[in-house]
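Here's upload_26.cif, which has mmCIF, C-alpha atoms and all ligand atoms; chains and numbers go by the auth columns:
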```
data_run
loop_
_atom_site.group_PDB
_atom_site.id
_atom_site.type_symbol
_atom_site.label_atom_id
_atom_site.label_comp_id
_atom_site.label_asym_id
_atom_site.label_seq_id
_atom_site.Cartn_x
_atom_site.Cartn_y
_atom_site.Cartn_z
_atom_site.B_iso_or_equiv
_atom_site.auth_seq_id
_atom_site.auth_asym_id
ATOM 1 C CA MET A 1 183.125 193.050 87.085 0.00 178 L
ATOM 2 C CA ARG A 2 181.031 195.890 88.412 0.00 179 L
ATOM 3 C CA ILE A 3 178.355 195.365 91.051 0.00 180 L
ATOM 4 C CA LEU A 4 175.658 197.681 92.377 0.00 181 L
ATOM 5 C CA VAL A 5 174.722 197.175 96.028 0.00 182 L
ATOM 6 C CA VAL A 6 171.338 198.631 97.036 0.00 183 L
ATOM 7 C CA GLU A 7 171.120 198.476 100.831 0.00 184 L
ATOM 8 C CA ASP A 8 169.908 201.182 103.218 0.00 185 L
ATOM 9 C CA GLU A 9 171.580 199.829 106.349 0.00 186 L
ATOM 10 C CA LYS A 10 174.918 201.622 106.180 0.00 187 L
ATOM 11 C CA LYS A 11 176.785 199.048 108.268 0.00 188 L
ATOM 12 C CA ILE A 12 175.675 196.145 106.089 0.00 189 L
ATOM 13 C CA ALA A 13 176.252 198.151 102.908 0.00 190 L
ATOM 14 C CA SER A 14 179.821 199.013 103.862 0.00 191 L
ATOM 15 C CA PHE A 15 180.498 195.433 105.028 0.00 192 L
ATOM 16 C CA ILE A 16 179.328 194.124 101.646 0.00 193 L
ATOM 17 C CA GLU A 17 181.200 196.832 99.754 0.00 194 L
ATOM 18 C CA ARG A 18 184.432 196.092 101.589 0.00 195 L
ATOM 19 C CA GLY A 19 184.098 192.346 101.119 0.00 196 L
ATOM 20 C CA LEU A 20 183.358 192.626 97.405 0.00 197 L
ATOM 21 C CA THR A 21 186.176 195.125 96.855 0.00 198 L
ATOM 22 C CA GLU A 22 188.577 192.685 98.509 0.00 199 L
ATOM 23 C CA GLN A 23 187.483 190.159 95.886 0.00 200 L
ATOM 24 C CA HIS A 24 188.416 192.699 93.165 0.00 201 L
ATOM 25 C CA TYR A 25 184.867 193.570 92.214 0.00 202 L
ATOM 26 C CA ILE A 26 184.111 197.200 91.393 0.00 203 L
ATOM 27 C CA VAL A 27 181.306 198.379 93.673 0.00 204 L
ATOM 28 C CA ASP A 28 178.794 201.234 93.659 0.00 205 L
ATOM 29 C CA VAL A 29 176.406 201.592 96.591 0.00 206 L
ATOM 30 C CA ALA A 30 172.907 203.095 96.676 0.00 207 L
ATOM 31 C CA TYR A 31 171.107 203.657 99.990 0.00 208 L
ATOM 32 C CA ASP A 32 167.510 203.771 98.776 0.00 209 L
ATOM 33 C CA GLY A 33 165.356 202.240 96.060 0.00 210 L
ATOM 34 C CA ASN A 34 165.088 205.298 93.830 0.00 211 L
ATOM 35 C CA GLU A 35 168.825 205.901 93.772 0.00 212 L
ATOM 36 C CA GLY A 36 169.409 202.192 93.154 0.00 213 L
ATOM 37 C CA LEU A 37 166.975 202.143 90.254 0.00 214 L
ATOM 38 C CA TYR A 38 168.538 205.299 88.782 0.00 215 L
ATOM 39 C CA LEU A 39 172.080 203.899 88.960 0.00 216 L
ATOM 40 C CA ALA A 40 170.979 200.579 87.458 0.00 217 L
ATOM 41 C CA GLU A 41 169.325 202.466 84.610 0.00 218 L
ATOM 42 C CA ILE A 42 172.371 204.566 83.702 0.00 219 L
ATOM 43 C CA ASN A 43 175.190 202.056 84.304 0.00 220 L
ATOM 44 C CA PRO A 44 175.557 198.605 82.722 0.00 221 L
ATOM 45 C CA TYR A 45 176.241 196.595 85.904 0.00 222 L
ATOM 46 C CA ASP A 46 177.318 192.969 85.785 0.00 223 L
ATOM 47 C CA LEU A 47 175.166 192.244 88.838 0.00 224 L
ATOM 48 C CA VAL A 48 172.866 193.975 91.343 0.00 225 L
ATOM 49 C CA VAL A 49 172.601 193.044 95.035 0.00 226 L
ATOM 50 C CA LEU A 50 169.186 194.298 96.063 0.00 227 L
ATOM 51 C CA ASP A 51 167.783 194.548 99.574 0.00 228 L
ATOM 52 C CA ILE A 52 163.974 194.256 99.813 0.00 229 L
ATOM 53 C CA MET A 53 163.123 196.640 102.638 0.00 230 L
ATOM 54 C CA LEU A 54 164.333 199.989 101.294 0.00 231 L
ATOM 55 C CA PRO A 55 163.194 203.574 101.667 0.00 232 L
ATOM 56 C CA GLY A 56 161.782 205.228 98.539 0.00 233 L
ATOM 57 C CA LYS A 57 161.018 202.140 96.486 0.00 234 L
ATOM 58 C CA ASN A 58 161.283 198.619 97.853 0.00 235 L
ATOM 59 C CA GLY A 59 163.415 195.921 96.259 0.00 236 L
ATOM 60 C CA PHE A 60 160.464 194.159 94.617 0.00 237 L
ATOM 61 C CA ALA A 61 159.432 197.421 92.874 0.00 238 L
ATOM 62 C CA VAL A 62 163.006 198.170 91.753 0.00 239 L
ATOM 63 C CA CYS A 63 163.345 194.661 90.369 0.00 240 L
ATOM 64 C CA GLN A 64 160.001 194.762 88.557 0.00 241 L
ATOM 65 C CA GLU A 65 160.802 198.157 87.048 0.00 242 L
ATOM 66 C CA LEU A 66 164.194 196.985 85.734 0.00 243 L
ATOM 67 C CA ARG A 67 162.623 193.887 84.161 0.00 244 L
ATOM 68 C CA ARG A 68 159.838 196.017 82.670 0.00 245 L
ATOM 69 C CA GLN A 69 162.590 198.078 81.011 0.00 246 L
ATOM 70 C CA LYS A 70 164.019 194.796 79.625 0.00 247 L
ATOM 71 C CA ASN A 71 167.098 195.182 81.793 0.00 248 L
ATOM 72 C CA ASP A 72 168.301 191.611 82.360 0.00 249 L
ATOM 73 C CA VAL A 73 171.133 192.332 84.785 0.00 250 L
ATOM 74 C CA PRO A 74 171.478 189.412 87.253 0.00 251 L
ATOM 75 C CA ILE A 75 169.786 190.348 90.551 0.00 252 L
ATOM 76 C CA LEU A 76 170.540 188.783 93.923 0.00 253 L
ATOM 77 C CA MET A 77 167.885 189.790 96.460 0.00 254 L
ATOM 78 C CA LEU A 78 168.522 190.133 100.166 0.00 255 L
ATOM 79 C CA THR A 79 165.964 190.041 102.925 0.00 256 L
ATOM 80 C CA ALA A 80 165.978 190.139 106.702 0.00 257 L
ATOM 81 C CA ARG A 81 162.959 187.834 106.868 0.00 258 L
ATOM 82 C CA ASP A 82 163.128 184.130 106.265 0.00 259 L
ATOM 83 C CA ASP A 83 159.682 184.110 104.713 0.00 260 L
ATOM 84 C CA VAL A 84 158.837 181.803 101.838 0.00 261 L
ATOM 85 C CA ARG A 85 156.282 184.322 100.488 0.00 262 L
ATOM 86 C CA ASP A 86 159.042 186.943 100.203 0.00 263 L
ATOM 87 C CA LYS A 87 161.177 184.439 98.374 0.00 264 L
ATOM 88 C CA ILE A 88 158.419 183.553 95.912 0.00 265 L
ATOM 89 C CA PHE A 89 157.479 187.191 95.365 0.00 266 L
ATOM 90 C CA GLY A 90 161.150 188.139 94.891 0.00 267 L
ATOM 91 C CA LEU A 91 161.712 185.447 92.274 0.00 268 L
ATOM 92 C CA ASP A 92 158.412 186.318 90.575 0.00 269 L
ATOM 93 C CA SER A 93 159.500 189.973 90.484 0.00 270 L
ATOM 94 C CA GLY A 94 162.374 188.874 88.279 0.00 271 L
ATOM 95 C CA ALA A 95 165.196 188.270 90.760 0.00 272 L
ATOM 96 C CA ASP A 96 167.640 185.494 89.840 0.00 273 L
ATOM 97 C CA ASP A 97 168.494 184.410 93.353 0.00 274 L
ATOM 98 C CA TYR A 98 167.649 185.137 96.925 0.00 275 L
ATOM 99 C CA LEU A 99 169.591 185.205 100.196 0.00 276 L
ATOM 100 C CA THR A 100 168.369 185.678 103.769 0.00 277 L
ATOM 101 C CA LYS A 101 170.250 187.994 106.143 0.00 278 L
ATOM 102 C CA PRO A 102 172.378 187.311 108.068 0.00 279 L
ATOM 103 C CA PHE A 103 174.286 185.222 105.546 0.00 280 L
ATOM 104 C CA ALA A 104 177.726 183.662 105.433 0.00 281 L
ATOM 105 C CA PHE A 105 179.876 185.863 103.232 0.00 282 L
ATOM 106 C CA GLY A 106 181.376 182.814 101.527 0.00 283 L
ATOM 107 C CA GLU A 107 177.928 181.704 100.388 0.00 284 L
ATOM 108 C CA PHE A 108 177.098 185.235 99.235 0.00 285 L
ATOM 109 C CA LEU A 109 180.267 185.282 97.092 0.00 286 L
ATOM 110 C CA ALA A 110 179.593 181.818 95.680 0.00 287 L
ATOM 111 C CA ARG A 111 176.073 182.837 94.607 0.00 288 L
ATOM 112 C CA ILE A 112 177.471 185.962 92.960 0.00 289 L
ATOM 113 C CA ARG A 113 179.994 183.883 91.047 0.00 290 L
ATOM 114 C CA VAL A 114 177.245 181.528 89.849 0.00 291 L
ATOM 115 C CA LEU A 115 175.120 184.438 88.596 0.00 292 L
ATOM 116 C CA LEU A 116 178.090 186.055 86.845 0.00 293 L
ATOM 117 C CA ARG A 117 179.076 182.759 85.206 0.00 294 L
ATOM 118 C CA ARG A 118 175.574 182.301 83.816 0.00 295 L
ATOM 119 C CA GLN A 119 176.283 185.197 81.449 0.00 296 L
ATOM 120 C CA ARG A 120 179.118 183.256 79.890 0.00 297 L
ATOM 121 C CA THR A 121 179.324 180.174 77.751 0.00 298 L
ATOM 122 C CA SER A 122 181.957 178.557 79.968 0.00 299 L
ATOM 123 C CA GLN A 123 181.111 177.667 83.564 0.00 300 L
ATOM 124 C CA SER A 124 184.745 177.305 84.582 0.00 301 L
ATOM 125 C CA THR A 125 186.182 179.604 87.239 0.00 302 L
ATOM 126 C CA THR A 126 189.553 179.568 85.477 0.00 303 L
ATOM 127 C CA LEU A 127 189.900 181.868 82.492 0.00 304 L
ATOM 128 C CA LYS A 128 192.540 180.901 79.915 0.00 305 L
ATOM 129 C CA VAL A 129 194.110 182.632 76.948 0.00 306 L
ATOM 130 C CA ALA A 130 197.062 180.723 75.494 0.00 307 L
ATOM 131 C CA ASP A 131 199.371 180.014 78.471 0.00 308 L
ATOM 132 C CA LEU A 132 197.864 182.813 80.571 0.00 309 L
ATOM 133 C CA GLU A 133 195.503 181.654 83.334 0.00 310 L
ATOM 134 C CA LEU A 134 193.370 183.606 85.779 0.00 311 L
ATOM 135 C CA ASP A 135 191.728 181.796 88.688 0.00 312 L
ATOM 136 C CA GLN A 136 188.592 183.660 89.765 0.00 313 L
ATOM 137 C CA LEU A 137 188.461 181.850 93.108 0.00 314 L
ATOM 138 C CA THR A 138 192.019 182.460 94.311 0.00 315 L
ATOM 139 C CA HIS A 139 192.629 185.501 92.081 0.00 316 L
ATOM 140 C CA GLU A 140 195.910 183.944 91.094 0.00 317 L
ATOM 141 C CA VAL A 141 197.236 184.861 87.662 0.00 318 L
ATOM 142 C CA THR A 142 199.936 182.784 86.013 0.00 319 L
ATOM 143 C CA ARG A 143 201.589 182.666 82.634 0.00 320 L
ATOM 144 C CA ASP A 144 203.323 179.469 81.647 0.00 321 L
ATOM 145 C CA GLY A 145 202.963 178.498 85.313 0.00 322 L
ATOM 146 C CA LYS A 146 204.802 181.605 86.511 0.00 323 L
ATOM 147 C CA LYS A 147 202.913 183.751 89.016 0.00 324 L
ATOM 148 C CA ILE A 148 202.080 187.326 88.001 0.00 325 L
ATOM 149 C CA GLU A 149 201.374 189.890 90.738 0.00 326 L
ATOM 150 C CA LEU A 150 198.635 192.373 89.845 0.00 327 L
ATOM 151 C CA THR A 151 196.999 195.220 91.756 0.00 328 L
ATOM 152 C CA SER A 152 193.250 195.079 92.256 0.00 329 L
ATOM 153 C CA THR A 153 192.486 197.350 89.282 0.00 330 L
ATOM 154 C CA GLU A 154 194.946 195.513 87.041 0.00 331 L
ATOM 155 C CA TYR A 155 193.307 192.210 87.999 0.00 332 L
ATOM 156 C CA SER A 156 189.801 193.518 87.243 0.00 333 L
ATOM 157 C CA LEU A 157 190.947 194.854 83.896 0.00 334 L
ATOM 158 C CA LEU A 158 192.665 191.612 82.904 0.00 335 L
ATOM 159 C CA GLU A 159 189.667 189.558 84.059 0.00 336 L
ATOM 160 C CA TYR A 160 187.332 191.695 81.958 0.00 337 L
ATOM 161 C CA LEU A 161 189.552 191.339 78.876 0.00 338 L
ATOM 162 C CA MET A 162 189.824 187.565 79.402 0.00 339 L
ATOM 163 C CA ILE A 163 186.062 187.115 79.807 0.00 340 L
ATOM 164 C CA HIS A 164 185.793 188.767 76.377 0.00 341 L
ATOM 165 C CA ALA A 165 188.791 186.995 74.835 0.00 342 L
ATOM 166 C CA GLY A 166 188.800 187.223 71.054 0.00 343 L
ATOM 167 C CA GLN A 167 186.400 190.192 71.098 0.00 344 L
ATOM 168 C CA VAL A 168 187.132 193.897 70.868 0.00 345 L
ATOM 169 C CA VAL A 169 186.702 195.542 74.255 0.00 346 L
ATOM 170 C CA THR A 170 186.163 199.298 73.887 0.00 347 L
ATOM 171 C CA ARG A 171 187.386 201.958 76.300 0.00 348 L
ATOM 172 C CA THR A 172 183.748 202.679 77.139 0.00 349 L
ATOM 173 C CA MET A 173 183.149 199.037 78.099 0.00 350 L
ATOM 174 C CA ILE A 174 186.263 199.092 80.257 0.00 351 L
ATOM 175 C CA SER A 175 185.279 202.354 81.959 0.00 352 L
ATOM 176 C CA GLU A 176 181.805 200.963 82.655 0.00 353 L
ATOM 177 C CA HIS A 177 182.834 197.561 84.012 0.00 354 L
ATOM 178 C CA VAL A 178 186.266 198.070 85.568 0.00 355 L
ATOM 179 C CA TRP A 179 185.826 201.472 87.209 0.00 356 L
ATOM 180 C CA ASP A 180 183.179 202.773 89.565 0.00 357 L
ATOM 181 C CA GLN A 181 180.790 205.705 89.407 0.00 358 L
ATOM 182 C CA ASP A 182 183.488 208.305 90.224 0.00 359 L
ATOM 183 C CA PHE A 183 185.636 207.480 87.199 0.00 360 L
ATOM 184 C CA ASP A 184 186.515 210.326 84.839 0.00 361 L
ATOM 185 C CA SER A 185 186.131 208.690 81.439 0.00 362 L
ATOM 186 C CA TYR A 186 187.985 211.514 79.674 0.00 363 L
ATOM 187 C CA SER A 187 191.200 210.732 81.483 0.00 364 L
ATOM 188 C CA ASN A 188 194.042 208.677 80.126 0.00 365 L
ATOM 189 C CA VAL A 189 193.809 206.163 82.962 0.00 366 L
ATOM 190 C CA ILE A 190 192.592 203.219 80.872 0.00 367 L
ATOM 191 C CA ASN A 191 195.548 203.383 78.478 0.00 368 L
ATOM 192 C CA VAL A 192 197.897 203.656 81.420 0.00 369 L
ATOM 193 C CA TYR A 193 196.420 200.573 83.112 0.00 370 L
ATOM 194 C CA VAL A 194 196.316 198.531 79.928 0.00 371 L
ATOM 195 C CA ASN A 195 200.029 199.256 79.571 0.00 372 L
ATOM 196 C CA TYR A 196 200.703 198.198 83.180 0.00 373 L
ATOM 197 C CA VAL A 197 198.874 194.911 82.626 0.00 374 L
ATOM 198 C CA ARG A 198 200.511 194.380 79.265 0.00 375 L
ATOM 199 C CA LYS A 199 203.968 194.811 80.770 0.00 376 L
ATOM 200 C CA LYS A 200 203.292 192.340 83.558 0.00 377 L
ATOM 201 C CA VAL A 201 201.649 189.761 81.324 0.00 378 L
ATOM 202 C CA GLU A 202 204.020 190.005 78.370 0.00 379 L
ATOM 203 C CA ALA A 203 207.421 190.876 79.880 0.00 380 L
ATOM 204 C CA GLY A 204 209.813 187.992 79.349 0.00 381 L
ATOM 205 C CA PHE A 205 207.455 186.161 76.982 0.00 382 L
ATOM 206 C CA SER A 206 207.831 186.079 73.230 0.00 383 L
ATOM 207 C CA SER A 207 204.182 186.264 72.220 0.00 384 L
ATOM 208 C CA LYS A 208 201.928 189.277 72.622 0.00 385 L
ATOM 209 C CA LEU A 209 198.474 188.661 74.084 0.00 386 L
ATOM 210 C CA ILE A 210 196.918 192.108 74.536 0.00 387 L
ATOM 211 C CA HIS A 211 196.438 193.846 71.206 0.00 388 L
ATOM 212 C CA SER A 212 195.378 197.425 70.490 0.00 389 L
ATOM 213 C CA VAL A 213 192.617 197.657 67.904 0.00 390 L
ATOM 214 C CA ARG A 214 193.058 201.041 66.268 0.00 391 L
ATOM 215 C CA GLY A 215 190.258 203.480 67.001 0.00 392 L
ATOM 216 C CA ARG A 216 188.228 200.801 68.801 0.00 393 L
ATOM 217 C CA GLY A 217 189.916 199.456 71.903 0.00 394 L
ATOM 218 C CA TYR A 218 191.720 196.297 72.946 0.00 395 L
ATOM 219 C CA MET A 219 191.554 192.577 72.436 0.00 396 L
ATOM 220 C CA ILE A 220 193.203 189.741 74.271 0.00 397 L
ATOM 221 C CA LYS A 221 193.799 186.704 72.117 0.00 398 L
ATOM 222 C CA ASP A 222 196.114 183.828 71.409 0.00 399 L
ATOM 223 C CA GLU A 223 198.198 184.738 68.369 0.00 400 L
ATOM 224 C CA ASN A 224 198.785 181.110 67.354 0.00 401 L
HETATM 225 CA CA CA B . 166.811 197.311 104.402 0.00 1 G
#
```
In structure tokens, what does this structure look like?
Ligand code: CA
Amino acid sequence: MRILVVEDEKKIASFIERGLTEQHYIVDVAYDGNEGLYLAEINPYDLVVLDIMLPGKNGFAVCQELRRQKNDVPILMLTARDDVRDKIFGLDSGADDYLTKPFAFGEFLARIRVLLRRQRTSQSTTLKVADLELDQLTHEVTRDGKKIELTSTEYSLLEYLMIHAGQVVTRTMISEHVWDQDFDSYSNVINVYVNYVRKKVEAGFSSKLIHSVRGRGYMIKDEN
């Protein structure tokens, strides 16, 4: 899941980036409103964390512009002021949720999970395909109860496939949601990582879960 963080205070931005990366999210950071708006326009983010007081364009303006463009990416607004008028204006600008700085990182993460879950039909934090389970809270992955160790990128890739279980996930979708802004989409990296994940998830088990769909991409599904 790929998140854009728009925050001009470098310390806060890097604190958020580090914390989200530790939770296996893919993070891009913009340090002013114009850059944030530009990145949100060209990349299909799963969520945007948007500070209000920003140089260039403030958070309200960025949010309004994205909604005007019919971009319905979930937006979590941040503000330094605990002002109810800011909160109302933020929500009326099209933000989905609102958090006052300083915030507890645990609450920040929980709100992000809620917004990301809203996009899905299931509200569960455990994703399941056949006997494969991925817990989005603990990041634990098991198959038939047996723990599978994944790197951060492998986890993000598997999570993305499992969120779209039964659907074809194209290489473009993977490059846009599992890798950040610096990713070279012409490289062979996606195939390599799909094979890593496949090996870990399927080794020692009789049924295949991750299928290649010729010319289109990949699909994770229960064969039975
Ligand atoms: Ca700010």
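Shortest atom-to-atom contact with ligand CA 1 (chain G) among L:Lys247, L:Arg258, L:His201, L:Arg179: L:Arg258, counting all atoms listed in the file.
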Dump the neighbourhood of ligand CA 1 (chain G) as a compact mmCIF listing (two decimals) with C-alpha atoms, in the frame of the given file: all residues within 10 Å, distances computed on only C-alpha atoms and all ligand atoms.
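Wrote out.txt, looks like this:
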```txt
# COMPACT_ATOMS: atom_id res chain seq x y z
CA VAL L 183 171.34 198.63 97.04
CA GLU L 184 171.12 198.48 100.83
CA ASP L 185 169.91 201.18 103.22
CA GLU L 186 171.58 199.83 106.35
CA LYS L 187 174.92 201.62 106.18
CA ILE L 189 175.68 196.14 106.09
CA ALA L 190 176.25 198.15 102.91
CA TYR L 208 171.11 203.66 99.99
CA ASP L 209 167.51 203.77 98.78
CA GLY L 210 165.36 202.24 96.06
CA LEU L 227 169.19 194.30 96.06
CA ASP L 228 167.78 194.55 99.57
CA ILE L 229 163.97 194.26 99.81
CA MET L 230 163.12 196.64 102.64
CA LEU L 231 164.33 199.99 101.29
CA PRO L 232 163.19 203.57 101.67
CA ASN L 235 161.28 198.62 97.85
CA GLY L 236 163.42 195.92 96.26
CA LEU L 255 168.52 190.13 100.17
CA THR L 256 165.96 190.04 102.92
CA ALA L 257 165.98 190.14 106.70
```
Padding 8 Å on every side, please: axis-aligned box over the listed atoms of stretch 366-378 of chain L, centre and edge lengths to one decimal in Å, as AutoDock Vina command-line options.
```
--center_x 198.3 --center_y 198.0 --center_z 81.0 --size_x 27.4 --size_y 32.4 --size_z 21.1
```
*Take atom CA of L:Glu194 and atom CA of L:Asn368 and report the distance between them in Å, one decimal.*
26.5 Å
_Counting all atoms listed in the file, the option among L:Leu293, L:Ile252, L:Val378, L:Leu214 closest to L:Lys324_ = L:Val378
*asked:* For the provided coordinates, the residues matched by the PyMOL selection byres (((chain L and resi 300-304) around 10) and not hetatm) should be stated as a ChimeraX atom specification.
replied: /L:290-291,293-299,305-306,309-318,336,339-340,342
Add whatever atoms are absent from stretch 349-363 of chain L to reach N, CA, C and O atoms, and provide the output as a PDB file, keeping the file's coordinate frame.
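Output saved as part26.pdb:
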```
ATOM      1  N   THR L 349     185.012 202.451  76.424  1.00  0.00           N
ATOM      2  CA  THR L 349     183.748 202.679  77.139  1.00  0.00           C
ATOM      3  C   THR L 349     183.373 201.452  77.961  1.00  0.00           C
ATOM      4  O   THR L 349     183.026 201.556  79.134  1.00  0.00           O
ATOM      5  N   MET L 350     183.468 200.266  77.357  1.00  0.00           N
ATOM      6  CA  MET L 350     183.149 199.037  78.099  1.00  0.00           C
ATOM      7  C   MET L 350     184.045 198.915  79.329  1.00  0.00           C
ATOM      8  O   MET L 350     183.583 198.582  80.422  1.00  0.00           O
ATOM      9  N   ILE L 351     185.330 199.194  79.130  1.00  0.00           N
ATOM     10  CA  ILE L 351     186.263 199.092  80.257  1.00  0.00           C
ATOM     11  C   ILE L 351     185.887 200.095  81.344  1.00  0.00           C
ATOM     12  O   ILE L 351     185.819 199.753  82.527  1.00  0.00           O
ATOM     13  N   SER L 352     185.596 201.341  80.939  1.00  0.00           N
ATOM     14  CA  SER L 352     185.279 202.354  81.959  1.00  0.00           C
ATOM     15  C   SER L 352     183.997 201.992  82.700  1.00  0.00           C
ATOM     16  O   SER L 352     183.851 202.274  83.879  1.00  0.00           O
ATOM     17  N   GLU L 353     183.081 201.308  82.020  1.00  0.00           N
ATOM     18  CA  GLU L 353     181.805 200.963  82.655  1.00  0.00           C
ATOM     19  C   GLU L 353     181.868 199.718  83.533  1.00  0.00           C
ATOM     20  O   GLU L 353     181.052 199.557  84.439  1.00  0.00           O
ATOM     21  N   HIS L 354     182.812 198.822  83.266  1.00  0.00           N
ATOM     22  CA  HIS L 354     182.834 197.561  84.012  1.00  0.00           C
ATOM     23  C   HIS L 354     184.027 197.398  84.937  1.00  0.00           C
ATOM     24  O   HIS L 354     184.044 196.515  85.781  1.00  0.00           O
ATOM     25  N   VAL L 355     185.058 198.232  84.759  1.00  0.00           N
ATOM     26  CA  VAL L 355     186.266 198.070  85.568  1.00  0.00           C
ATOM     27  C   VAL L 355     186.460 199.246  86.530  1.00  0.00           C
ATOM     28  O   VAL L 355     187.246 199.172  87.458  1.00  0.00           O
ATOM     29  N   TRP L 356     185.727 200.334  86.297  1.00  0.00           N
ATOM     30  CA  TRP L 356     185.826 201.472  87.209  1.00  0.00           C
ATOM     31  C   TRP L 356     184.460 201.806  87.783  1.00  0.00           C
ATOM     32  O   TRP L 356     183.432 201.489  87.173  1.00  0.00           O
ATOM     33  N   ASP L 357     184.460 202.462  88.941  1.00  0.00           N
ATOM     34  CA  ASP L 357     183.179 202.773  89.565  1.00  0.00           C
ATOM     35  C   ASP L 357     182.640 204.119  89.099  1.00  0.00           C
ATOM     36  O   ASP L 357     183.191 204.767  88.221  1.00  0.00           O
ATOM     37  N   GLN L 358     181.560 204.510  89.714  1.00  0.00           N
ATOM     38  CA  GLN L 358     180.790 205.705  89.407  1.00  0.00           C
ATOM     39  C   GLN L 358     181.621 206.998  89.347  1.00  0.00           C
ATOM     40  O   GLN L 358     181.278 207.907  88.613  1.00  0.00           O
ATOM     41  N   ASP L 359     182.708 207.065  90.136  1.00  0.00           N
ATOM     42  CA  ASP L 359     183.488 208.305  90.224  1.00  0.00           C
ATOM     43  C   ASP L 359     184.541 208.436  89.130  1.00  0.00           C
ATOM     44  O   ASP L 359     185.311 209.383  89.118  1.00  0.00           O
ATOM     45  N   PHE L 360     184.593 207.485  88.219  1.00  0.00           N
ATOM     46  CA  PHE L 360     185.636 207.480  87.199  1.00  0.00           C
ATOM     47  C   PHE L 360     185.442 208.606  86.173  1.00  0.00           C
ATOM     48  O   PHE L 360     184.339 208.838  85.673  1.00  0.00           O
ATOM     49  N   ASP L 361     186.543 209.283  85.867  1.00  0.00           N
ATOM     50  CA  ASP L 361     186.515 210.326  84.839  1.00  0.00           C
ATOM     51  C   ASP L 361     186.893 209.685  83.504  1.00  0.00           C
ATOM     52  O   ASP L 361     188.052 209.383  83.249  1.00  0.00           O
ATOM     53  N   SER L 362     185.889 209.461  82.664  1.00  0.00           N
ATOM     54  CA  SER L 362     186.131 208.690  81.439  1.00  0.00           C
ATOM     55  C   SER L 362     186.943 209.463  80.392  1.00  0.00           C
ATOM     56  O   SER L 362     187.336 208.911  79.377  1.00  0.00           O
ATOM     57  N   TYR L 363     187.180 210.753  80.637  1.00  0.00           N
ATOM     58  CA  TYR L 363     187.985 211.514  79.674  1.00  0.00           C
ATOM     59  C   TYR L 363     189.470 211.432  79.990  1.00  0.00           C
ATOM     60  O   TYR L 363     190.303 211.942  79.260  1.00  0.00           O
TER      61      TYR L 363
END
```
